[in-house]
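Novice: Structure: coords28.json, JSON, C-alpha atoms.
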```json
[["chain", "number", "residue", "atom", "x", "y", "z"],
["A", 14, "MET", "CA", 0.00, 0.00, 0.00],
["A", 15, "ASP", "CA", 1.21, 3.52, -0.78],
["A", 16, "HIS", "CA", 2.59, 5.45, 2.13],
["A", 17, "PRO", "CA", 0.70, 8.73, 2.45],
["A", 18, "THR", "CA", 2.69, 11.95, 2.68],
["A", 19, "ILE", "CA", 1.02, 15.28, 3.39],
["A", 20, "PHE", "CA", 2.95, 18.54, 3.14],
["A", 21, "ARG", "CA", 1.13, 21.82, 3.21],
["A", 22, "VAL", "CA", 1.31, 25.51, 4.02],
["A", 23, "THR", "CA", -2.15, 26.68, 5.03],
["A", 24, "GLU", "CA", -4.09, 29.58, 6.48],
["A", 25, "GLU", "CA", -6.68, 27.20, 7.92],
["A", 26, "THR", "CA", -6.94, 25.80, 11.45],
["A", 27, "LEU", "CA", -4.84, 22.67, 11.89],
["A", 28, "ASP", "CA", -7.16, 19.68, 12.17],
["A", 29, "LEU", "CA", -5.25, 16.93, 13.97],
["A", 30, "ASP", "CA", -7.99, 14.31, 13.66],
["A", 31, "ALA", "CA", -8.36, 14.80, 9.91],
["A", 32, "LEU", "CA", -4.61, 14.73, 9.32],
["A", 33, "LEU", "CA", -4.14, 11.63, 11.45],
["A", 34, "ALA", "CA", -6.92, 9.85, 9.60],
["A", 35, "GLN", "CA", -5.13, 10.56, 6.32],
["A", 36, "ILE", "CA", -1.86, 8.99, 7.47],
["A", 37, "THR", "CA", -3.37, 5.98, 9.22],
["A", 38, "LEU", "CA", -3.14, 2.73, 7.26],
["A", 39, "PRO", "CA", -4.71, -0.62, 8.15],
["A", 40, "SER", "CA", -1.26, -1.63, 9.42],
["A", 41, "THR", "CA", -0.80, 1.51, 11.54],
["A", 42, "GLY", "CA", -0.73, 1.14, 15.32],
["A", 43, "ALA", "CA", 1.27, 4.16, 16.45],
["A", 44, "ALA", "CA", 1.53, 7.85, 15.73],
["A", 45, "ALA", "CA", 3.93, 10.42, 17.11],
["A", 46, "VAL", "CA", 2.62, 13.96, 16.81],
["A", 47, "PHE", "CA", 4.49, 17.17, 17.46],
["A", 48, "THR", "CA", 2.67, 20.45, 17.43],
["A", 49, "GLY", "CA", 4.03, 23.89, 18.27],
["A", 50, "MET", "CA", 1.85, 26.75, 19.42],
["A", 51, "VAL", "CA", 2.15, 30.48, 19.99],
["A", 52, "ARG", "CA", 3.54, 31.15, 23.46],
["A", 53, "ALA", "CA", 2.05, 34.14, 25.30],
["A", 54, "VAL", "CA", 4.88, 34.41, 27.81],
["A", 55, "THR", "CA", 8.52, 33.55, 27.15],
["A", 56, "SER", "CA", 10.92, 33.12, 30.06],
["A", 57, "ARG", "CA", 13.85, 31.37, 28.37],
["A", 58, "GLY", "CA", 16.40, 33.97, 27.31],
["A", 59, "GLU", "CA", 15.07, 37.51, 27.33],
["A", 60, "ALA", "CA", 11.67, 37.43, 29.10],
["A", 61, "ARG", "CA", 8.84, 38.86, 27.02],
["A", 62, "GLU", "CA", 5.14, 38.79, 26.24],
["A", 63, "THR", "CA", 3.70, 38.07, 22.81],
["A", 64, "ARG", "CA", 0.41, 39.53, 21.51],
["A", 65, "PHE", "CA", 0.51, 37.54, 18.30],
["A", 66, "LEU", "CA", 2.81, 36.15, 15.61],
["A", 67, "GLU", "CA", 2.52, 36.99, 11.93],
["A", 68, "TYR", "CA", 3.76, 34.11, 9.75],
["A", 69, "GLN", "CA", 4.94, 34.50, 6.17],
["A", 70, "ALA", "CA", 6.03, 31.74, 3.78],
["A", 71, "TYR", "CA", 7.66, 31.34, 0.38],
["A", 72, "ARG", "CA", 4.95, 28.86, -0.29],
["A", 73, "PRO", "CA", 6.06, 26.77, -3.29],
["A", 74, "MET", "CA", 9.59, 26.35, -1.96],
["A", 75, "ALA", "CA", 8.29, 25.66, 1.55],
["A", 76, "GLU", "CA", 6.16, 22.80, 0.25],
["A", 77, "ASP", "CA", 9.08, 21.47, -1.82],
["A", 78, "LYS", "CA", 11.29, 21.46, 1.28],
["A", 79, "MET", "CA", 8.59, 19.73, 3.35],
["A", 80, "ARG", "CA", 8.48, 17.01, 0.72],
["A", 81, "GLN", "CA", 12.29, 16.76, 0.94],
["A", 82, "ILE", "CA", 12.10, 16.39, 4.73],
["A", 83, "ALA", "CA", 9.54, 13.60, 4.34],
["A", 84, "ASP", "CA", 11.95, 11.87, 1.93],
["A", 85, "GLU", "CA", 14.78, 12.25, 4.47],
["A", 86, "ILE", "CA", 12.57, 10.76, 7.19],
["A", 87, "ARG", "CA", 11.71, 7.76, 5.02],
["A", 88, "ALA", "CA", 15.40, 7.20, 4.23],
["A", 89, "LYS", "CA", 16.33, 7.25, 7.94],
["A", 90, "TRP", "CA", 13.31, 5.39, 9.34],
["A", 91, "PRO", "CA", 12.00, 3.03, 6.65],
["A", 92, "SER", "CA", 9.34, 1.66, 9.00],
["A", 93, "VAL", "CA", 7.53, 5.03, 9.09],
["A", 94, "GLU", "CA", 4.22, 4.65, 7.24],
["A", 95, "GLY", "CA", 2.49, 8.03, 6.97],
["A", 96, "ILE", "CA", 3.96, 11.52, 7.33],
["A", 97, "ALA", "CA", 2.16, 14.84, 7.73],
["A", 98, "ILE", "CA", 4.04, 18.15, 7.79],
["A", 99, "VAL", "CA", 1.79, 21.21, 7.97],
["A", 100, "GLN", "CA", 2.66, 24.83, 8.70],
["A", 101, "ARG", "CA", -0.05, 27.37, 9.37],
["A", 102, "ILE", "CA", 0.63, 30.99, 8.35],
["A", 103, "GLY", "CA", -1.03, 34.35, 8.85],
["A", 104, "ARG", "CA", -1.76, 36.08, 12.16],
["A", 105, "LEU", "CA", -1.79, 33.57, 15.02],
["A", 106, "TYR", "CA", -2.62, 34.35, 18.63],
["A", 107, "PRO", "CA", -1.26, 32.71, 21.84],
["A", 108, "GLY", "CA", -2.47, 29.17, 22.37],
["A", 109, "THR", "CA", -2.95, 28.53, 18.65],
["A", 110, "PRO", "CA", -1.19, 25.52, 17.11],
["A", 111, "THR", "CA", 1.07, 26.78, 14.31],
["A", 112, "VAL", "CA", 2.79, 23.67, 13.01],
["A", 113, "LEU", "CA", 2.13, 19.97, 13.05],
["A", 114, "ILE", "CA", 4.43, 17.03, 12.32],
["A", 115, "ALA", "CA", 2.99, 13.55, 12.58],
["A", 116, "CYS", "CA", 4.57, 10.20, 11.73],
["A", 117, "THR", "CA", 2.80, 6.86, 11.86],
["A", 118, "ALA", "CA", 4.11, 3.30, 11.99],
["A", 119, "ALA", "CA", 2.97, -0.20, 12.87],
["A", 120, "HIS", "CA", 4.48, 0.01, 16.38],
["A", 121, "ARG", "CA", 5.82, 2.73, 18.67],
["A", 122, "ASP", "CA", 9.34, 1.29, 18.92],
["A", 123, "THR", "CA", 10.13, 1.73, 15.23],
["A", 124, "GLY", "CA", 11.48, 5.28, 15.28],
["A", 125, "VAL", "CA", 8.29, 7.34, 15.05],
["A", 126, "PHE", "CA", 9.21, 9.57, 17.99],
["A", 127, "GLU", "CA", 12.65, 10.28, 16.53],
["A", 128, "ALA", "CA", 11.16, 10.77, 13.08],
["A", 129, "ALA", "CA", 8.72, 13.44, 14.28],
["A", 130, "ARG", "CA", 11.51, 15.15, 16.23],
["A", 131, "TYR", "CA", 13.70, 15.14, 13.15],
["A", 132, "GLY", "CA", 10.84, 16.57, 11.10],
["A", 133, "ILE", "CA", 10.31, 19.63, 13.27],
["A", 134, "ASP", "CA", 14.06, 20.21, 13.69],
["A", 135, "ARG", "CA", 14.58, 20.11, 9.92],
["A", 136, "LEU", "CA", 11.55, 22.31, 9.27],
["A", 137, "LYS", "CA", 13.12, 24.97, 11.46],
["A", 138, "GLU", "CA", 16.34, 24.70, 9.43],
["A", 139, "ILE", "CA", 15.31, 24.62, 5.78],
["A", 140, "VAL", "CA", 11.60, 25.40, 5.24],
["A", 141, "PRO", "CA", 11.27, 29.05, 4.16],
["A", 142, "VAL", "CA", 8.79, 30.37, 6.72],
["A", 143, "TRP", "CA", 9.31, 33.36, 9.02],
["A", 144, "LYS", "CA", 7.46, 34.84, 11.95],
["A", 145, "LYS", "CA", 7.16, 38.40, 13.10],
["A", 146, "GLU", "CA", 6.61, 38.70, 16.82],
["A", 147, "VAL", "CA", 4.29, 41.48, 17.93],
["A", 148, "SER", "CA", 4.68, 42.41, 21.59],
["A", 149, "PRO", "CA", 3.24, 45.20, 23.72],
["A", 150, "GLY", "CA", 6.53, 47.02, 23.15],
["A", 151, "GLY", "CA", 6.83, 46.67, 19.37],
["A", 152, "GLU", "CA", 7.37, 44.15, 16.61],
["A", 153, "GLU", "CA", 10.33, 42.20, 15.29],
["A", 154, "TRP", "CA", 11.01, 39.56, 12.66],
["A", 155, "ILE", "CA", 12.48, 36.46, 14.23],
["A", 156, "GLU", "CA", 15.45, 35.21, 12.24],
["A", 157, "GLY", "CA", 16.92, 31.73, 12.44],
["A", 158, "GLU", "CA", 20.59, 30.82, 12.56],
["A", 159, "TYR", "CA", 20.89, 27.97, 10.09],
["A", 160, "PHE", "CA", 22.68, 28.40, 6.76],
["A", 161, "PRO", "CA", 21.82, 25.46, 4.49],
["A", 162, "ARG", "CA", 24.68, 23.64, 2.80],
["A", 163, "PRO", "CA", 24.81, 22.89, -0.92],
["A", 164, "GLY", "CA", 22.12, 20.40, -1.84],
["A", 165, "GLU", "CA", 19.95, 21.10, 1.20],
["B", 19, "MET", "CA", 20.20, 41.02, -20.43],
["B", 20, "ASN", "CA", 16.90, 40.74, -18.68],
["B", 21, "ARG", "CA", 15.06, 42.56, -15.99],
["B", 22, "THR", "CA", 14.69, 39.85, -13.41],
["B", 23, "LYS", "CA", 12.34, 39.73, -10.44],
["B", 24, "ILE", "CA", 13.87, 38.93, -7.08],
["B", 25, "LEU", "CA", 11.32, 37.81, -4.53],
["B", 26, "LEU", "CA", 11.76, 39.18, -1.01],
["B", 27, "PHE", "CA", 10.51, 37.85, 2.30],
["B", 28, "ALA", "CA", 10.39, 38.85, 5.97],
["B", 29, "THR", "CA", 12.95, 41.48, 6.99],
["B", 30, "LEU", "CA", 14.04, 42.08, 3.41],
["B", 31, "ARG", "CA", 10.51, 42.78, 2.24],
["B", 32, "ASP", "CA", 10.00, 45.28, 5.05],
["B", 33, "ARG", "CA", 13.29, 47.03, 4.27],
["B", 34, "ALA", "CA", 12.26, 47.31, 0.63],
["B", 35, "GLY", "CA", 9.18, 49.27, 1.71],
["B", 36, "GLY", "CA", 6.86, 46.26, 1.74],
["B", 37, "LYS", "CA", 7.54, 45.28, -1.88],
["B", 38, "LYS", "CA", 7.12, 41.57, -2.60],
["B", 39, "PHE", "CA", 9.85, 41.76, -5.22],
["B", 40, "ILE", "CA", 12.41, 44.08, -6.74],
["B", 41, "GLU", "CA", 13.49, 44.13, -10.38],
["B", 42, "LEU", "CA", 17.06, 44.36, -11.57],
["B", 43, "GLU", "CA", 19.13, 43.80, -14.69],
["B", 44, "VAL", "CA", 20.84, 40.46, -14.21],
["B", 45, "PRO", "CA", 23.44, 39.96, -16.97],
["B", 46, "ASP", "CA", 23.98, 36.37, -18.04],
["B", 47, "GLY", "CA", 26.98, 35.03, -16.19],
["B", 48, "MET", "CA", 26.39, 37.00, -13.01],
["B", 49, "THR", "CA", 26.93, 34.91, -9.89],
["B", 50, "VAL", "CA", 24.79, 34.91, -6.76],
["B", 51, "GLN", "CA", 27.57, 36.85, -5.00],
["B", 52, "GLY", "CA", 27.62, 39.35, -7.86],
["B", 53, "LEU", "CA", 23.87, 39.79, -7.56],
["B", 54, "LYS", "CA", 24.11, 40.41, -3.83],
["B", 55, "ASP", "CA", 26.80, 43.05, -4.42],
["B", 56, "ARG", "CA", 24.70, 44.68, -7.12],
["B", 57, "ILE", "CA", 21.59, 44.81, -4.93],
["B", 58, "GLY", "CA", 23.63, 46.47, -2.21],
["B", 59, "GLU", "CA", 24.58, 49.21, -4.68],
["B", 60, "VAL", "CA", 21.16, 49.73, -6.27],
["B", 61, "PHE", "CA", 19.05, 49.32, -3.12],
["B", 62, "PRO", "CA", 20.98, 50.89, -0.22],
["B", 63, "ASP", "CA", 18.23, 49.90, 2.24],
["B", 64, "LEU", "CA", 19.01, 46.24, 1.48],
["B", 65, "LYS", "CA", 22.80, 46.53, 1.65],
["B", 66, "ASP", "CA", 23.14, 45.42, 5.28],
["B", 67, "SER", "CA", 20.78, 42.49, 4.68],
["B", 68, "MET", "CA", 23.02, 41.09, 1.93],
["B", 69, "ARG", "CA", 25.66, 39.97, 4.45],
["B", 70, "SER", "CA", 23.58, 37.20, 5.98],
["B", 71, "VAL", "CA", 20.93, 36.62, 3.33],
["B", 72, "LEU", "CA", 19.86, 33.24, 2.01],
["B", 73, "VAL", "CA", 19.36, 33.01, -1.74],
["B", 74, "ALA", "CA", 17.11, 30.48, -3.43],
["B", 75, "VAL", "CA", 17.28, 29.83, -7.16],
["B", 76, "ASP", "CA", 14.49, 27.77, -8.67],
["B", 77, "ARG", "CA", 13.40, 26.97, -5.09],
["B", 78, "GLU", "CA", 16.72, 25.44, -4.07],
["B", 79, "TYR", "CA", 19.31, 27.04, -1.79],
["B", 80, "ALA", "CA", 22.01, 28.61, -3.93],
["B", 81, "MET", "CA", 25.64, 29.11, -3.02],
["B", 82, "ASP", "CA", 27.54, 32.32, -3.85],
["B", 83, "GLU", "CA", 29.35, 30.74, -6.81],
["B", 84, "LEU", "CA", 26.21, 29.74, -8.70],
["B", 85, "VAL", "CA", 25.97, 31.38, -12.12],
["B", 86, "LEU", "CA", 22.57, 32.90, -12.85],
["B", 87, "GLN", "CA", 20.73, 32.56, -16.13],
["B", 88, "SER", "CA", 17.65, 34.29, -17.44],
["B", 89, "GLY", "CA", 14.36, 32.71, -16.51],
["B", 90, "MET", "CA", 15.49, 31.48, -13.13],
["B", 91, "GLU", "CA", 13.22, 32.12, -10.12],
["B", 92, "ILE", "CA", 15.30, 34.02, -7.57],
["B", 93, "ALA", "CA", 14.31, 34.70, -3.94],
["B", 94, "MET", "CA", 16.15, 36.29, -1.03],
["B", 95, "PHE", "CA", 15.35, 36.02, 2.64],
["B", 96, "PRO", "CA", 16.84, 35.76, 6.13],
["B", 97, "PRO", "CA", 17.56, 32.41, 7.83],
["B", 98, "VAL", "CA", 14.20, 30.76, 8.37],
["B", 99, "SER", "CA", 12.20, 30.86, 11.61],
["B", 100, "GLY", "CA", 9.09, 28.78, 11.03],
["B", 101, "GLY", "CA", 7.51, 26.21, 13.29]]
```
Spell out the structure here as structure tokens.
Specialist:
Amino acid sequence: MDHPTIFRVTEETLDLDALLAQITLPSTGAAAVFTGMVRAVTSRGEARETRFLEYQAYRPMAEDKMRQIADEIRAKWPSVEGIAIVQRIGRLYPGTPTVLIACTAAHRDTGVFEAARYGIDRLKEIVPVWKKEVSPGGEEWIEGEYFPRPGE
Amino acid sequence: MNRTKILLFATLRDRAGGKKFIELEVPDGMTVQGLKDRIGEVFPDLKDSMRSVLVAVDREYAMDELVLQSGMEIAMFPPVSGG
């Protein structure tokens, strides 16, 4: 059976149940899901409050890179069955899920946790999406630190 | 010689006055590094950004040595911060 792969940049609410259903096969018995959400209060590093985040994406390249990450996951963890990588963009308020990575497999001890972890780590390295943080005191684009190597 | 669109995102878009792209003559044979230097000259507001910018050509990350040709899709942006 084909292994479903979902990669998407969207302005819609992330629907975990619908996404999970799409990556669940008859042989699937485990799913590892990571989701990130907008944090209202940050204490790590410089303490601050966030009113909302404004996400922007270079959409076609972002979806290409999500597909690449799914390929990397399958190469590293061949037992992974379904993969969903979805980034929400637009204006997102505290408490709102912004990104979702889900990997399914027959059993939980086949690398699904590591695969989902790898997916979100890679997304934050190579998928062209940015967020502007709007705080009571002003606004600022958050910039990452990763410079992709040739072929990434 | 073609006027080529260069897509801008995040900080770069803001520094270009909110424009989603700029247009520039990109002579055949110009490298990515050459393009960055040229943008710094033509668009002073973007000069500082060119030092740590990421460049994508045809939706793949491009290194400074890559030689540009007409018809390529070029985008510039800061290191990514999605998630």
Novice: May I have a table of the residues of chain B lying at most 10 Å from chain A, giving each one's closest pair of atoms and their distance in Å to one decimal, counting only C-alpha atoms, ordered by chain and ascending residue number, as JSON lines?
Specialist:
```
{"residue": "B:Leu25", "atom": "CA", "partner": "A:Tyr71", "partner_atom": "CA", "distance": 8.9}
{"residue": "B:Leu26", "atom": "CA", "partner": "A:Tyr71", "partner_atom": "CA", "distance": 9.0}
{"residue": "B:Phe27", "atom": "CA", "partner": "A:Tyr71", "partner_atom": "CA", "distance": 7.4}
{"residue": "B:Ala28", "atom": "CA", "partner": "A:Trp143", "partner_atom": "CA", "distance": 6.4}
{"residue": "B:Thr29", "atom": "CA", "partner": "A:Trp154", "partner_atom": "CA", "distance": 6.3}
{"residue": "B:Asp32", "atom": "CA", "partner": "A:Trp154", "partner_atom": "CA", "distance": 9.6}
{"residue": "B:Ser70", "atom": "CA", "partner": "A:Phe160", "partner_atom": "CA", "distance": 8.9}
{"residue": "B:Val71", "atom": "CA", "partner": "A:Phe160", "partner_atom": "CA", "distance": 9.1}
{"residue": "B:Leu72", "atom": "CA", "partner": "A:Phe160", "partner_atom": "CA", "distance": 7.3}
{"residue": "B:Ala74", "atom": "CA", "partner": "A:Met74", "partner_atom": "CA", "distance": 8.7}
{"residue": "B:Val75", "atom": "CA", "partner": "A:Met74", "partner_atom": "CA", "distance": 9.9}
{"residue": "B:Asp76", "atom": "CA", "partner": "A:Met74", "partner_atom": "CA", "distance": 8.4}
{"residue": "B:Arg77", "atom": "CA", "partner": "A:Met74", "partner_atom": "CA", "distance": 5.0}
{"residue": "B:Glu78", "atom": "CA", "partner": "A:Met74", "partner_atom": "CA", "distance": 7.5}
{"residue": "B:Tyr79", "atom": "CA", "partner": "A:Glu165", "partner_atom": "CA", "distance": 6.7}
{"residue": "B:Ala80", "atom": "CA", "partner": "A:Pro163", "partner_atom": "CA", "distance": 7.0}
{"residue": "B:Met81", "atom": "CA", "partner": "A:Pro163", "partner_atom": "CA", "distance": 6.6}
{"residue": "B:Ala93", "atom": "CA", "partner": "A:Tyr71", "partner_atom": "CA", "distance": 8.6}
{"residue": "B:Met94", "atom": "CA", "partner": "A:Tyr71", "partner_atom": "CA", "distance": 9.9}
{"residue": "B:Phe95", "atom": "CA", "partner": "A:Pro141", "partner_atom": "CA", "distance": 8.2}
{"residue": "B:Pro96", "atom": "CA", "partner": "A:Glu156", "partner_atom": "CA", "distance": 6.3}
{"residue": "B:Pro97", "atom": "CA", "partner": "A:Gly157", "partner_atom": "CA", "distance": 4.7}
{"residue": "B:Val98", "atom": "CA", "partner": "A:Gly157", "partner_atom": "CA", "distance": 5.0}
{"residue": "B:Ser99", "atom": "CA", "partner": "A:Trp143", "partner_atom": "CA", "distance": 4.6}
{"residue": "B:Gly100", "atom": "CA", "partner": "A:Val142", "partner_atom": "CA", "distance": 4.6}
{"residue": "B:Gly101", "atom": "CA", "partner": "A:Val112", "partner_atom": "CA", "distance": 5.4}
```
Novice: May I have the residues within 10 Å of A:Asp122 as an mmCIF file with C-alpha atoms, keeping the file's coordinate frame, using only C-alpha atoms and disregarding those fewer than 4 positions away in the same chain?
Specialist:
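Printed below is result22.cif as written:
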```
data_model
loop_
_atom_site.group_PDB
_atom_site.id
_atom_site.type_symbol
_atom_site.label_atom_id
_atom_site.label_comp_id
_atom_site.auth_asym_id
_atom_site.auth_seq_id
_atom_site.Cartn_x
_atom_site.Cartn_y
_atom_site.Cartn_z
ATOM 1 C CA ALA A 43 1.270 4.160 16.450
ATOM 2 C CA SER A 92 9.340 1.660 9.000
ATOM 3 C CA ALA A 118 4.110 3.300 11.990
ATOM 4 C CA PHE A 126 9.210 9.570 17.990
ATOM 5 C CA GLU A 127 12.650 10.280 16.530
#
```
Novice: Quick one: pull the distance between atom CA of B:Thr22 and atom CA of B:Ser67, Å, one decimal.
Specialist: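 Computing it gives 19.3 Å between the two atoms.
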Novice: Taking only C-alpha atoms into account, name the residue in A:Thr117, A:Thr23, A:Thr63, A:Thr123 that is nearest to A:Ile36.
Specialist: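 That would be A:Thr117, the residue with the smallest distance to A:Ile36.
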Novice: Using Å and a single decimal, report how far atom CA of A:Val93 sits from atom CA of A:Leu33.
Specialist: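 Atom-to-atom, atom CA of A:Leu33 and atom CA of A:Val93 are spaced 13.6 Å apart.
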